[in-house]
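> model.tsv (TSV, C-alpha atoms and all ligand atoms) pasted underneath:
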chain	number	residue	atom	x	y	z
A	1	MET	CA	-12.00	-22.94	-5.71
A	2	GLY	CA	-8.30	-22.79	-6.47
A	3	MET	CA	-8.18	-19.08	-5.58
A	4	PHE	CA	-5.57	-17.50	-3.32
A	5	ASP	CA	-3.99	-14.16	-2.43
A	6	THR	CA	-0.39	-13.16	-3.05
A	7	ILE	CA	2.03	-11.68	-0.54
A	8	THR	CA	4.95	-9.79	-2.09
A	9	LEU	CA	8.05	-10.80	-0.15
A	10	ASP	CA	10.38	-7.85	0.30
A	11	PRO	CA	13.02	-8.86	1.26
A	12	ALA	CA	12.73	-12.15	-0.62
A	13	ILE	CA	12.76	-15.40	1.36
A	14	ARG	CA	15.58	-17.83	0.67
A	15	CYS	CA	14.70	-21.52	0.52
A	16	PRO	CA	16.78	-23.18	3.29
A	17	GLU	CA	17.06	-26.35	1.21
A	18	CYS	CA	18.35	-25.06	-2.14
A	19	GLY	CA	18.95	-21.33	-1.62
A	20	ALA	CA	16.44	-20.24	-4.28
A	21	LEU	CA	14.90	-16.82	-3.63
A	22	GLU	CA	11.12	-16.54	-3.49
A	23	THR	CA	9.81	-13.01	-4.05
A	24	SER	CA	6.13	-13.84	-3.56
A	25	HIS	CA	4.02	-16.23	-1.55
A	26	GLN	CA	0.57	-17.53	-2.41
A	27	THR	CA	-1.68	-17.93	0.60
A	28	LYS	CA	-5.18	-19.17	1.32
A	29	GLU	CA	-5.20	-17.63	4.81
A	30	PHE	CA	-7.04	-14.43	3.83
A	31	GLU	CA	-10.03	-13.93	1.50
A	32	CYS	CA	-8.65	-15.77	-1.57
A	33	LEU	CA	-9.73	-13.01	-3.95
A	34	MET	CA	-6.48	-12.85	-5.94
A	35	SER	CA	-5.52	-9.74	-3.92
A	36	TYR	CA	-1.95	-8.56	-3.36
A	37	TYR	CA	-0.49	-7.78	0.06
A	38	ARG	CA	2.90	-6.82	1.41
A	39	ILE	CA	4.48	-6.23	4.79
A	40	GLY	CA	2.54	-3.28	6.25
A	41	SER	CA	-0.76	-4.16	4.51
A	42	VAL	CA	-3.96	-4.41	6.53
A	43	VAL	CA	-5.02	-8.03	5.92
A	44	PRO	CA	-8.52	-9.54	6.08
A	45	SER	CA	-7.75	-12.22	8.64
A	46	SER	CA	-9.74	-13.52	11.61
A	47	CYS	CA	-6.46	-13.19	13.52
A	48	HIS	CA	-6.16	-9.70	15.03
A	49	SER	CA	-2.68	-10.13	16.54
A	50	GLY	CA	-0.81	-13.40	16.40
A	51	ILE	CA	0.99	-15.87	14.17
A	52	ILE	CA	-0.62	-17.93	11.41
A	53	ARG	CA	1.17	-21.09	10.36
A	54	ASP	CA	1.10	-21.28	6.56
A	55	GLN	CA	3.12	-23.32	4.04
A	56	PHE	CA	6.20	-22.24	2.12
A	57	TRP	CA	6.57	-23.98	-1.22
A	58	CYS	CA	9.78	-23.95	-3.28
A	59	ARG	CA	9.37	-24.58	-6.99
A	60	ALA	CA	13.08	-25.40	-7.49
A	61	CYS	CA	12.98	-28.09	-4.77
A	62	GLN	CA	9.75	-29.51	-6.17
A	63	ASP	CA	11.35	-29.79	-9.62
A	64	ALA	CA	14.39	-31.53	-8.10
A	65	ASP	CA	12.27	-33.95	-6.03
A	66	ARG	CA	13.49	-32.48	-2.75
A	67	GLN	CA	11.38	-31.50	0.24
A	68	ALA	CA	9.50	-28.53	-1.21
A	69	VAL	CA	7.00	-27.68	1.53
A	70	ARG	CA	7.84	-26.37	4.99
A	71	PRO	CA	6.10	-24.18	7.59
A	72	LEU	CA	5.94	-20.44	7.00
A	73	TYR	CA	4.73	-18.03	9.66
A	74	LEU	CA	2.60	-14.96	8.92
A	75	VAL	CA	2.90	-12.40	11.72
A	76	ILE	CA	-0.24	-10.30	12.17
A	77	TRP	CA	-0.03	-7.26	14.42
A	78	HIS	CA	-3.29	-5.33	14.98
A	79	SER	CA	-4.62	-6.61	11.61
A	80	VAL	CA	-1.43	-5.52	9.81
A	81	LEU	CA	0.86	-8.08	8.17
A	82	ALA	CA	4.03	-7.37	10.15
A	83	ALA	CA	6.36	-10.14	8.93
A	84	VAL	CA	6.63	-13.39	7.00
A	85	GLU	CA	9.17	-15.79	8.50
A	86	LEU	CA	10.38	-19.37	8.03
A	87	ASP	CA	11.60	-19.50	11.61
A	88	ALA	CA	8.95	-19.72	14.36
A	89	GLY	CA	11.21	-18.05	16.95
A	90	GLU	CA	11.89	-15.12	14.62
A	91	ALA	CA	8.15	-14.78	13.96
A	92	GLU	CA	7.52	-14.63	17.71
A	93	ARG	CA	10.24	-11.98	18.13
A	94	LYS	CA	8.71	-9.86	15.34
A	95	LEU	CA	5.27	-10.14	16.92
A	96	ARG	CA	6.72	-9.03	20.27
A	97	GLU	CA	8.86	-6.21	18.94
A	98	THR	CA	6.68	-4.63	16.25
A	99	ASP	CA	5.58	-1.21	17.51
A	100	ARG	CA	4.01	2.07	16.47
A	101	LEU	CA	7.22	3.30	14.83
A	102	ASP	CA	6.96	0.37	12.37
A	103	LEU	CA	3.37	1.41	11.76
A	104	ILE	CA	4.43	4.99	10.95
A	105	GLY	CA	7.03	3.64	8.49
A	106	TRP	CA	4.41	1.47	6.73
A	107	LEU	CA	1.99	4.39	6.65
A	108	ALA	CA	4.61	6.63	5.03
A	109	ASP	CA	5.43	3.89	2.47
A	110	SER	CA	1.79	3.40	1.56
A	111	GLN	CA	1.17	7.15	1.21
A	112	ARG	CA	4.23	7.50	-1.04
A	113	GLU	CA	2.95	4.59	-3.15
A	114	ALA	CA	-0.55	6.13	-3.38
A	115	LEU	CA	0.94	9.47	-4.51
A	116	ARG	CA	3.08	7.71	-7.12
A	117	TRP	CA	0.03	5.96	-8.61
A	118	GLN	CA	-2.10	9.12	-8.47
A	119	GLY	CA	0.65	10.97	-10.37
A	120	LYS	CA	0.86	8.19	-12.99
A	121	PHE	CA	-2.92	8.22	-13.41
A	122	ARG	CA	-3.09	12.05	-13.66
A	123	ARG	CA	-0.37	12.18	-16.33
A	124	LEU	CA	-1.99	9.37	-18.34
A	125	MET	CA	-5.41	11.07	-18.15
A	126	SER	CA	-4.00	14.40	-19.32
A	127	GLY	CA	-2.35	12.63	-22.29
A	128	LEU	CA	-5.61	10.85	-23.18
A	129	ASN	CA	-7.60	14.09	-22.81
A	130	ALA	CA	-5.16	15.87	-25.11
A	131	TRP	CA	-5.56	13.08	-27.69
A	132	GLN	CA	-9.37	13.30	-27.47
A	133	ARG	CA	-9.19	17.09	-27.88
A	134	HIS	CA	-6.90	16.68	-30.87
A	135	LEU	CA	-9.39	14.31	-32.57
A	136	ARG	CA	-12.29	16.65	-31.78
A	137	GLU	CA	-10.46	19.66	-33.19
A	138	LYS	CA	-9.47	17.73	-36.30
A	139	ALA	CA	-13.13	16.81	-36.91
A	140	ASN	CA	-14.47	20.29	-36.05
A	141	PRO	CA	-11.73	22.91	-36.40
A	142	GLU	CA	-12.43	25.88	-34.13
A	143	PRO	CA	-12.29	29.38	-35.60
A	144	ASP	CA	-8.70	30.61	-35.40
A	145	CYS	CA	-8.42	33.04	-32.53
A	146	GLU	CA	-5.87	34.03	-29.88
A	147	LYS	CA	-7.61	31.95	-27.19
A	148	SER	CA	-7.86	28.70	-29.16
A	149	ARG	CA	-4.24	29.08	-30.34
A	150	PHE	CA	-3.16	29.47	-26.71
A	151	TRP	CA	-5.01	26.35	-25.58
A	152	SER	CA	-3.90	24.17	-28.45
A	153	ARG	CA	-0.28	25.28	-27.90
A	154	SER	CA	-0.31	24.65	-24.16
A	155	LEU	CA	-2.32	21.42	-24.13
A	156	SER	CA	-1.29	19.69	-27.33
A	157	LEU	CA	0.71	16.49	-27.61
A	158	PRO	CA	4.27	16.51	-28.97
A	159	ASP	CA	4.62	16.00	-32.74
A	160	GLU	CA	6.42	12.66	-32.31
A	161	ILE	CA	3.25	11.30	-30.70
A	162	LEU	CA	0.79	12.94	-33.11
A	163	ASN	CA	2.79	11.68	-36.13
A	164	ALA	CA	3.32	8.16	-34.79
A	165	PRO	CA	1.53	5.28	-36.58
A	166	ASP	CA	-0.38	4.52	-33.36
A	167	PRO	CA	-0.54	7.69	-31.21
A	168	LEU	CA	-2.65	6.04	-28.49
A	169	ALA	CA	-0.04	3.27	-28.02
A	170	GLU	CA	2.67	5.98	-27.83
A	171	ILE	CA	0.75	7.85	-25.10
A	172	ILE	CA	0.39	4.65	-23.06
A	173	LYS	CA	4.08	3.81	-23.59
A	174	LEU	CA	5.16	7.30	-22.51
A	175	HIS	CA	3.12	7.13	-19.31
A	176	SER	CA	4.04	3.59	-18.36
A	177	LYS	CA	7.56	4.84	-17.63
A	178	GLU	CA	8.40	5.87	-14.08
A	179	PRO	CA	8.82	9.65	-13.68
A	180	LYS	CA	12.23	11.08	-12.84
A	181	GLU	CA	12.84	12.10	-9.22
A	182	ASP	CA	12.26	15.83	-9.83
A	183	GLU	CA	8.97	15.37	-11.72
A	184	PRO	CA	5.71	15.82	-9.77
B	201	ZN	ZN	14.28	-24.91	-2.56
Could I get this structure in the form of structure tokens?
Ligand SMILES: [Zn+2]


Amino acid sequence: MGMFDTITLDPAIRCPECGALETSHQTKEFECLMSYYRIGSVVPSSCHSGIIRDQFWCRACQDADRQAVRPLYLVIWHSVLAAVELDAGEAERKLRETDRLDLIGWLADSQREALRWQGKFRRLMSGLNAWQRHLREKANPEPDCEKSRFWSRSLSLPDEILNAPDPLAEIIKLHSKEPKEDEP
């Protein structure tokens, strides 16, 4: 009831009426579980390969009392969302011309994206583990020895985080940034 899925439009689709750019499209053509899809996503559709006629809706046109709804075509190629088009002829061309090279490109994109998120998660977890270790050591200081000094030096958080009013918020802030190109 009232649920939908969202397709991220990249490139954005320009409303032919007013020129406004839409960067996402809400659809009820899949499972309506508030999931996100993009070009190259495997989509849960009863259509294996073909074109689904959906509806494009422009908020700017709606607000200005212009025609806000027009057909939008979802191109499905072997269960993969291959294109989203306003023009039926263009949708047919994309369905005809999509091939395995496109698939390899989408596969590479999705693997890069998975690695990026795994890296973000790993760095966040190591920050949270270091914070937990810091609290544990503060509550139960270990006997001072070479080994414990080594571990606390190599695994501890920087002083600006430890001395911040809310260290946990600082850790989350630090790891919500995108890593630089040369970082793992
Ligand atoms: Zn418009």

> So which residues touch Arg93 (chain A) within 12 Å, counting all atoms listed in the file, skipping near sequence neighbours fewer than 2 positions away, as a list in words?

Gly50, Ile51, Tyr73, Val75, Trp77, Ala82, Ala83, Val84, Glu85, Asp87, Ala88, Gly89, Glu90, Ala91, Leu95, Arg96, Glu97, Thr98 and Asp99 of chain A

> So, with all atoms listed in the file as the atoms that count, which of A:Leu174, A:Ala68, A:Ile13, A:Met3 lies closest to Glu31 (chain A)?

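Looking only at the distances to Glu31 (chain A), the closest residue turns out to be A:Met3.
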
> Sorted by chain and rising residue number, which residues of chain A lie within 7 Å of ligand ZN 201 (chain B), and what are their closest atom pairs and distances in Å to one decimal, counting all atoms listed in the file, as a Markdown table?


| residue | atom | partner | partner_atom | distance |
| --- | --- | --- | --- | --- |
| A:Cys15 | CA | B:ZN201 | ZN | 4.6 |
| A:Pro16 | CA | B:ZN201 | ZN | 6.6 |
| A:Glu17 | CA | B:ZN201 | ZN | 4.9 |
| A:Cys18 | CA | B:ZN201 | ZN | 4.1 |
| A:Gly19 | CA | B:ZN201 | ZN | 6.0 |
| A:Ala20 | CA | B:ZN201 | ZN | 5.4 |
| A:Cys58 | CA | B:ZN201 | ZN | 4.7 |
| A:Arg59 | CA | B:ZN201 | ZN | 6.6 |
| A:Ala60 | CA | B:ZN201 | ZN | 5.1 |
| A:Cys61 | CA | B:ZN201 | ZN | 4.1 |
| A:Ala68 | CA | B:ZN201 | ZN | 6.1 |

> Calculate how many Å separate CA of Leu128 (chain A) from CA of Leu115 (chain A), rounding to one decimal.

19.8 Å

> So how many Å separate CA of Leu72 (chain A) and CA of Thr27 (chain A), to one decimal?

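One can read the CA of Leu72 (chain A) to CA of Thr27 (chain A) distance as 10.3 Å.
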
> If we count all atoms listed in the file, what is near Phe30 (chain A) at a cut-off of 12 Å, once residues fewer than 6 positions away on the same chain are taken out, given as a VMD selection string?

chain A and resid 3 to 7 36 to 37 42 to 47 52 54 74 76 79 81

> Within 10 Å of Thr8 (chain A), counting only C-alpha atoms, which residues qualify if same-chain residues fewer than 5 places away don't, as a PDB file with C-alpha atoms, keeping the file's coordinate frame?


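part.pdb written:
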ATOM      1  CA  GLU A  22      11.120 -16.540  -3.490  1.00  0.00           C
ATOM      2  CA  THR A  23       9.810 -13.010  -4.050  1.00  0.00           C
ATOM      3  CA  SER A  24       6.130 -13.840  -3.560  1.00  0.00           C
ATOM      4  CA  HIS A  25       4.020 -16.230  -1.550  1.00  0.00           C
ATOM      5  CA  GLN A  26       0.570 -17.530  -2.410  1.00  0.00           C
ATOM      6  CA  TYR A  36      -1.950  -8.560  -3.360  1.00  0.00           C
ATOM      7  CA  TYR A  37      -0.490  -7.780   0.060  1.00  0.00           C
ATOM      8  CA  ARG A  38       2.900  -6.820   1.410  1.00  0.00           C
ATOM      9  CA  ILE A  39       4.480  -6.230   4.790  1.00  0.00           C
ATOM     10  CA  VAL A  84       6.630 -13.390   7.000  1.00  0.00           C
TER      11      VAL A  84
END

> Write out as a short mmCIF file (atom, residue, chain, number, x, y, z; two decimals) with C-alpha atoms, in the frame of the given file each polymer residue whose atoms come within 10 Å of region 106-114 of chain A, counting all atoms listed in the file; drop sequence neighbours fewer than 5 positions from it.


data_model
loop_
_atom_site.label_atom_id
_atom_site.label_comp_id
_atom_site.auth_asym_id
_atom_site.auth_seq_id
_atom_site.Cartn_x
_atom_site.Cartn_y
_atom_site.Cartn_z
CA ARG A 38 2.90 -6.82 1.41
CA ILE A 39 4.48 -6.23 4.79
CA GLY A 40 2.54 -3.28 6.25
CA SER A 41 -0.76 -4.16 4.51
CA VAL A 80 -1.43 -5.52 9.81
CA ALA A 82 4.03 -7.37 10.15
CA ARG A 100 4.01 2.07 16.47
CA LEU A 101 7.22 3.30 14.83
CA GLY A 119 0.65 10.97 -10.37
CA LYS A 120 0.86 8.19 -12.99
#

> CA of Pro158 (chain A) and CA of Arg133 (chain A), how far apart in Å?

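Separation of CA of Arg133 (chain A) and CA of Pro158 (chain A): 13.5 Å.
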
> First collect every listed atom of region 125-142 of chain A; then fit an axis-aligned box around them, widen it by 5 Å on each side, and give centre and edge lengths in Å to one decimal, as JSON.


{"center_x": -8.4, "center_y": 18.4, "center_z": -27.5, "size_x": 22.1, "size_y": 25.0, "size_z": 28.8}

> Restricting the calculation to only C-alpha atoms, which member of A:His134, A:Ile104, A:Ile172, A:Val69 is positioned closest to Asp159 (chain A)?

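With only C-alpha atoms as the atom set, the closest residue is A:His134.
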
> Considering all atoms listed in the file, can you say which of A:Gly2, A:Asn140, A:Gly127, A:Ser156 comes closest to Ile171 (chain A)?

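Of the candidates, the smallest distance to Ile171 (chain A) is held by A:Gly127.
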
> List the residues sitting within 12 Å of (-2.7, 7.4, -33.0) in the file's frame, using all atoms listed in the file, as an NGL selection string.

:A and (127-128 or 130-132 or 134-135 or 157 or 159-172)

> Just checking: using all atoms listed in the file, which residue out of A:Lys94, A:Gly105, A:Ser176, A:Ala139 ends up closest to Arg123 (chain A)?

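Answer, going by the shortest atom-to-atom distance: A:Ser176.
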